[in-house]
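Shown next: run.tsv, containing TSV, C-alpha atoms and all ligand atoms.
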```tsv
chain	number	residue	atom	x	y	z
A	6	MET	CA	4.63	11.17	-36.71
A	7	LYS	CA	4.97	7.38	-36.61
A	8	ILE	CA	8.11	5.37	-37.28
A	9	LYS	CA	7.42	2.46	-39.65
A	10	SER	CA	10.88	0.97	-39.98
A	11	ALA	CA	14.03	1.31	-37.90
A	12	GLU	CA	17.21	-0.49	-38.76
A	13	PHE	CA	20.76	-0.43	-37.53
A	14	GLU	CA	22.84	1.01	-40.34
A	15	THR	CA	26.45	1.23	-39.18
A	16	SER	CA	28.86	2.19	-36.40
A	17	ALA	CA	31.61	4.73	-36.81
A	18	LYS	CA	34.61	5.69	-34.75
A	19	SER	CA	35.70	8.69	-36.77
A	20	LEU	CA	34.06	11.32	-38.93
A	21	GLU	CA	35.57	9.66	-42.01
A	22	THR	CA	33.84	6.36	-41.30
A	23	CYS	CA	30.37	7.91	-40.81
A	24	PRO	CA	27.85	6.98	-43.53
A	25	ALA	CA	27.45	9.36	-46.47
A	26	PRO	CA	25.43	12.39	-45.26
A	27	GLY	CA	22.42	11.80	-47.57
A	28	VAL	CA	19.57	12.11	-45.03
A	29	PRO	CA	19.09	14.38	-41.96
A	30	GLU	CA	20.30	13.13	-38.58
A	31	LEU	CA	18.99	13.60	-35.03
A	32	ALA	CA	21.63	12.78	-32.44
A	33	PHE	CA	21.30	11.80	-28.77
A	34	ILE	CA	23.94	12.66	-26.22
A	35	GLY	CA	24.19	12.76	-22.45
A	36	ARG	CA	25.98	11.29	-19.50
A	37	SER	CA	26.77	7.65	-19.61
A	38	ASN	CA	23.79	5.63	-18.32
A	39	VAL	CA	21.30	8.50	-18.71
A	40	GLY	CA	19.16	6.36	-21.02
A	41	LYS	CA	20.13	7.31	-24.58
A	42	SER	CA	19.95	3.82	-26.05
A	43	SER	CA	16.71	3.03	-24.18
A	44	LEU	CA	15.13	6.22	-25.50
A	45	ILE	CA	16.13	5.38	-29.07
A	46	ASN	CA	14.47	1.99	-28.65
A	47	MET	CA	11.37	3.55	-27.13
A	48	LEU	CA	11.03	6.14	-29.93
A	49	SER	CA	11.58	3.61	-32.67
A	50	GLY	CA	9.15	1.15	-31.08
A	51	ARG	CA	11.79	-1.56	-31.02
A	52	ARG	CA	12.28	-1.77	-27.30
A	53	GLY	CA	15.40	-3.65	-26.31
A	54	GLN	CA	16.25	-4.60	-29.86
A	55	LEU	CA	17.72	-1.73	-31.81
A	56	ALA	CA	20.24	0.06	-29.59
A	57	LYS	CA	22.11	-1.91	-26.93
A	58	VAL	CA	21.00	-1.12	-23.38
A	59	SER	CA	23.12	-2.12	-20.45
A	60	SER	CA	23.43	-1.65	-16.75
A	61	THR	CA	27.16	-1.14	-17.29
A	62	PRO	CA	27.85	2.52	-18.05
A	63	GLY	CA	29.95	3.30	-21.08
A	64	LYS	CA	28.40	0.61	-23.26
A	65	THR	CA	28.05	2.75	-26.36
A	66	ARG	CA	31.58	3.51	-27.49
A	67	LEU	CA	30.95	4.19	-31.12
A	68	ILE	CA	28.63	6.50	-32.99
A	69	ASN	CA	25.74	4.21	-33.96
A	70	PHE	CA	23.51	5.14	-36.88
A	71	PHE	CA	19.93	3.88	-37.17
A	72	ASN	CA	18.08	4.38	-40.40
A	73	ILE	CA	14.46	5.43	-39.93
A	74	ASP	CA	11.98	4.87	-42.75
A	75	GLN	CA	14.83	5.35	-45.25
A	76	GLN	CA	14.34	9.08	-44.64
A	77	TRP	CA	16.36	10.13	-41.63
A	78	ARG	CA	18.69	8.74	-38.98
A	79	LEU	CA	18.73	8.47	-35.22
A	80	VAL	CA	22.31	8.71	-33.98
A	81	ASP	CA	23.38	7.23	-30.63
A	82	LEU	CA	26.50	9.04	-29.41
A	83	PRO	CA	28.84	7.69	-26.71
A	84	GLY	CA	28.01	9.04	-23.26
A	85	TYR	CA	30.20	11.64	-21.64
A	86	GLY	CA	31.44	11.65	-18.07
A	87	TYR	CA	32.22	7.99	-17.75
A	88	ALA	CA	35.18	7.74	-15.42
A	89	LYS	CA	35.96	4.04	-15.56
A	90	ILE	CA	37.65	4.02	-18.93
A	91	SER	CA	41.18	5.20	-19.57
A	92	LYS	CA	41.81	8.88	-19.94
A	93	LYS	CA	43.20	8.27	-23.40
A	94	ALA	CA	40.09	6.36	-24.55
A	95	ARG	CA	37.91	9.15	-23.14
A	96	MET	CA	39.86	11.79	-25.05
A	97	ILE	CA	39.50	9.84	-28.28
A	98	PHE	CA	35.68	9.56	-27.90
A	99	ARG	CA	35.42	13.15	-26.94
A	100	ASP	CA	37.36	14.33	-29.93
A	101	PHE	CA	35.37	12.42	-32.45
A	102	VAL	CA	32.02	13.21	-30.86
A	103	SER	CA	33.01	16.90	-30.79
A	104	GLU	CA	34.04	16.67	-34.39
A	105	TYR	CA	30.73	15.04	-35.31
A	106	LEU	CA	28.72	17.71	-33.48
A	107	THR	CA	30.77	20.55	-34.92
A	108	ASN	CA	31.22	19.42	-38.51
A	109	ARG	CA	28.48	16.99	-39.51
A	110	GLU	CA	26.72	18.77	-42.37
A	111	ASN	CA	23.44	16.82	-42.17
A	112	LEU	CA	23.03	17.12	-38.38
A	113	LEU	CA	19.53	18.53	-37.96
A	114	GLY	CA	19.46	18.58	-34.17
A	115	VAL	CA	20.94	17.24	-30.96
A	116	PHE	CA	18.96	15.99	-27.99
A	117	VAL	CA	20.82	16.31	-24.70
A	118	LEU	CA	19.49	13.84	-22.16
A	119	ILE	CA	19.39	14.80	-18.51
A	120	ASP	CA	18.61	12.41	-15.65
A	121	SER	CA	15.50	13.91	-14.05
A	122	ARG	CA	16.38	12.36	-10.68
A	123	LEU	CA	19.54	14.40	-10.20
A	124	THR	CA	20.17	17.97	-9.10
A	125	PRO	CA	21.72	20.08	-11.90
A	126	GLN	CA	25.14	18.61	-12.71
A	127	ASP	CA	28.03	20.78	-13.88
A	128	ILE	CA	29.01	18.24	-16.50
A	129	ASP	CA	25.60	18.63	-18.20
A	130	LEU	CA	25.53	22.41	-17.82
A	131	ASP	CA	29.06	22.63	-19.27
A	132	TYR	CA	28.18	20.41	-22.20
A	133	ILE	CA	25.07	22.41	-23.06
A	134	THR	CA	26.98	25.66	-22.74
A	135	TRP	CA	29.52	24.30	-25.19
A	136	LEU	CA	26.76	23.25	-27.64
A	137	GLY	CA	25.48	26.82	-27.43
A	138	GLU	CA	28.95	28.13	-28.20
A	139	ILE	CA	29.34	26.00	-31.32
A	140	GLU	CA	25.75	26.95	-32.28
A	141	ALA	CA	24.54	23.38	-32.53
A	142	PRO	CA	20.72	23.24	-32.58
A	143	PHE	CA	19.72	21.35	-29.43
A	144	ALA	CA	16.80	20.44	-27.19
A	145	LEU	CA	16.74	18.80	-23.75
A	146	ILE	CA	15.10	15.54	-22.74
A	147	PHE	CA	14.69	14.77	-19.04
A	148	THR	CA	14.81	10.99	-18.67
A	149	LYS	CA	13.57	8.31	-16.26
A	150	THR	CA	10.53	10.31	-15.09
A	151	ASP	CA	8.82	7.02	-14.16
A	152	LYS	CA	11.02	7.12	-11.06
A	153	LEU	CA	9.48	10.42	-9.89
A	154	SER	CA	6.07	11.88	-9.20
A	155	LYS	CA	4.78	14.42	-11.74
A	156	THR	CA	5.44	17.27	-9.32
A	157	ALA	CA	8.95	16.11	-8.52
A	158	ALA	CA	9.76	15.73	-12.24
A	159	GLN	CA	8.52	19.24	-12.96
A	160	LYS	CA	10.54	20.60	-10.04
A	161	SER	CA	13.64	18.93	-11.37
A	162	VAL	CA	13.09	20.43	-14.84
A	163	ASP	CA	12.54	23.91	-13.39
A	164	ARG	CA	15.64	23.62	-11.23
A	165	PHE	CA	17.76	22.57	-14.19
A	166	LEU	CA	16.46	25.34	-16.45
A	167	ALA	CA	17.10	27.89	-13.70
A	168	ALA	CA	20.71	26.72	-13.37
A	169	LEU	CA	21.11	26.76	-17.14
A	170	SER	CA	19.74	30.29	-17.43
A	171	GLU	CA	22.83	31.47	-15.55
A	172	ARG	CA	24.96	30.13	-18.41
A	173	ILE	CA	23.06	30.62	-21.66
A	174	GLU	CA	20.51	33.01	-23.15
A	175	GLY	CA	16.89	31.87	-23.50
A	176	SER	CA	15.19	28.65	-22.50
A	177	PRO	CA	15.81	25.65	-24.77
A	178	ASP	CA	13.01	23.39	-26.02
A	179	HIS	CA	12.62	20.56	-23.55
A	180	PHE	CA	10.73	17.32	-23.01
A	181	ILE	CA	10.21	14.84	-20.23
A	182	SER	CA	10.42	11.15	-21.01
A	183	SER	CA	10.36	7.63	-19.71
A	184	SER	CA	11.51	4.69	-21.77
A	185	LYS	CA	9.68	2.48	-19.26
A	186	ASN	CA	6.19	3.88	-19.79
A	187	GLY	CA	6.52	5.72	-23.09
A	188	GLU	CA	6.05	9.19	-21.67
A	189	GLY	CA	7.21	11.89	-24.07
A	190	LYS	CA	7.22	9.67	-27.16
A	191	LYS	CA	4.45	11.55	-28.96
A	192	GLU	CA	5.91	14.96	-28.15
A	193	ILE	CA	9.49	14.09	-29.12
A	194	LEU	CA	8.46	12.41	-32.38
A	195	GLY	CA	6.17	15.37	-33.13
A	196	TYR	CA	9.07	17.73	-32.61
A	197	ILE	CA	11.34	15.64	-34.86
A	198	GLY	CA	8.63	15.49	-37.54
A	199	HIS	CA	8.20	19.24	-37.38
A	200	ASN	CA	11.94	19.80	-37.75
A	201	LEU	CA	12.24	17.30	-40.61
A	202	SER	CA	9.51	19.05	-42.56
A	203	ARG	CA	10.87	22.55	-42.18
A	301	LIG	P1	25.68	4.43	-22.29
A	301	LIG	O1	25.51	3.81	-23.63
A	301	LIG	O2	26.47	3.60	-21.35
A	301	LIG	O3	26.20	5.82	-22.37
A	301	LIG	O4	24.24	4.49	-21.57
A	301	LIG	P2	22.88	5.00	-22.17
A	301	LIG	O5	22.74	6.45	-21.95
A	301	LIG	O6	22.67	4.51	-23.56
A	301	LIG	O7	21.82	4.32	-21.19
A	301	LIG	P3	20.95	2.98	-21.41
A	301	LIG	O8	19.82	3.26	-22.35
A	301	LIG	O9	21.87	1.86	-21.73
A	301	LIG	O10	20.28	2.81	-19.97
A	301	LIG	C1	21.07	2.73	-18.79
A	301	LIG	C2	20.26	2.10	-17.66
A	301	LIG	O11	19.15	2.94	-17.31
A	301	LIG	C3	19.64	0.75	-18.01
A	301	LIG	O12	19.68	-0.05	-16.87
A	301	LIG	C4	18.21	1.09	-18.37
A	301	LIG	O13	17.31	0.03	-18.18
A	301	LIG	C5	17.92	2.24	-17.43
A	301	LIG	N1	16.91	3.17	-18.01
A	301	LIG	C6	16.99	3.81	-19.20
A	301	LIG	N2	15.90	4.57	-19.42
A	301	LIG	C7	15.09	4.41	-18.36
A	301	LIG	C8	13.80	4.94	-17.99
A	301	LIG	O14	13.15	5.73	-18.69
A	301	LIG	N3	13.31	4.57	-16.77
A	301	LIG	C9	13.99	3.73	-15.94
A	301	LIG	N4	13.41	3.43	-14.77
A	301	LIG	N5	15.18	3.19	-16.25
A	301	LIG	C10	15.74	3.52	-17.45
A	302	MG	MG	24.00	3.61	-24.87
```
For the file at hand, write its structure as structure tokens.
Amino acid sequence: MKIKSAEFETSAKSLETCPAPGVPELAFIGRSNVGKSSLINMLSGRRGQLAKVSSTPGKTRLINFFNIDQQWRLVDLPGYGYAKISKKARMIFRDFVSEYLTNRENLLGVFVLIDSRLTPQDIDLDYITWLGEIEAPFALIFTKTDKLSKTAAQKSVDRFLAALSERIEGSPDHFISSSKNGEGKKEILGYIGHNLSR
């Protein structure tokens, strides 16, 4: 699948202000700074232009909707686990992101991004376990693989899946990616295309 057009549609800070359901949505979530916005730019072929990337964690504080080919949407969710904002602000994000993931009727799938350079983090394992509990359809994307050798990246994936298998049944679909060198683009877009056409 190829993306022909990608445009910012709107930002929302509550379920009520999300755009009308209309088309299917694929959402991206993960720890702050894991590379969600960069990945959205890489997939849409609009590197550095569509979703805001920043070296300051916690940049994305709204749910951002990007319209793709007038047929579906990429959705950039605020990162979890960012400590430097007030507890109250964190609770507010968390509530509306949870509400989006639980109640959005046109949510086709969620990609949970995991930093491939880290050992398995409880915060990620907990989040994925929760997604399993609410029965949200999800897949994993291991990010920033350009920072690792192929072997090290594979080791990191295996280690994460092993830790996850102690929490949930089965092994989720998963991808490795780099927004720097485009790794994983074809596979992830292929997977999205397959899900859109089902
Ligand atoms: P928040 O919006 O704050 O939650 O962050 P985010 O998950 O959207 O991360 P973002 O895409 O803004 O990237 C965070 C930092 O990681 C930036 O400095 C990026 O340049 C860097 N980064 C993102 N993806 C990659 C990647 O694939 N490889 C490398 N080497 N760096 C990356
Ligand atoms: Mg972001």
Between A:Ile45, A:Val28, A:Ile128, A:Val39, which one has atoms that come closest to Gly84 of chain A, using only C-alpha atoms?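 Residue with the minimum atom-to-atom distance to Gly84 of chain A: A:Val39.
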For ligand LIG 301 (chain A), return the neighbouring residues as a PyMOL selection string (distance at most 10 Å; all atoms listed in the file). chain A and resi 33-47+53+56-67+81-87+118-121+147-153+181-188
Pick from A:Leu55, A:Pro125, A:Ala168, A:Leu201 nearest to ligand MG 302 (chain A), counting only C-alpha atoms and all ligand atoms: A:Leu55
Dump as a tab-separated table the rows for residues of segment 21-83 of chain A within 12 Å of segment 139-142 of chain A: closest atom pair and distance in Å with one decimal, only C-alpha atoms counted, ordered by chain and rising residue number.
```
residue	atom	partner	partner_atom	distance
A:Glu30	CA	A:Pro142	CA	11.8
A:Leu31	CA	A:Pro142	CA	10.1
A:Ala32	CA	A:Pro142	CA	10.5
```
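Taking all atoms listed in the file into account, ligand MG 302 (chain A) lies nearest to A:Val80 out of the set A:Asn111, A:Gln159, A:Val80, A:Gly137.
Closest approach to Ser49 of chain A from the set A:Ile173, A:Ala144, A:Leu194, A:Ser16 is made by A:Leu194, with distances taken over only C-alpha atoms.
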So, counting only C-alpha atoms and all ligand atoms, which residue among A:Asn200, A:Asn69, A:Ser103, A:Thr156 is closest to ligand MG 302 (chain A)?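 Closest residue, counting only C-alpha atoms and all ligand atoms: A:Asn69.
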Looking at only C-alpha atoms, which of A:Ile197, A:Val117, A:Leu48, A:Leu79 is the one that sits closest to Asp131 of chain A?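 With only C-alpha atoms as the atom set, the closest residue is A:Val117.
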When you draw a straight line from atom CA of Arg203 of chain A to atom CA of Arg172 of chain A, how long is it in Å? 28.7 Å
For Met6 of chain A, please output as a PyMOL selection string all residues within 8 Å (counting all atoms listed in the file; exclusion window: fewer than 2 positions along the same chain). chain A and resi 8+191+194-195+198
For the selection you just gave me, I'd like the residues written to a file as a short mmCIF file (atom, residue, chain, number, x, y, z; two decimals), keeping the file's coordinate frame, keeping C-alpha atoms.
```cif
data_model
loop_
_atom_site.label_atom_id
_atom_site.label_comp_id
_atom_site.auth_asym_id
_atom_site.auth_seq_id
_atom_site.Cartn_x
_atom_site.Cartn_y
_atom_site.Cartn_z
CA ILE A 8 8.11 5.37 -37.28
CA LYS A 191 4.45 11.55 -28.96
CA LEU A 194 8.46 12.41 -32.38
CA GLY A 195 6.17 15.37 -33.13
CA GLY A 198 8.63 15.49 -37.54
#
```
Do you have the atom CA of Lys18 of chain A-atom CA of Phe101 of chain A distance handy?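 About the pair atom CA of Lys18 of chain A and atom CA of Phe101 of chain A: they are 7.2 Å apart.
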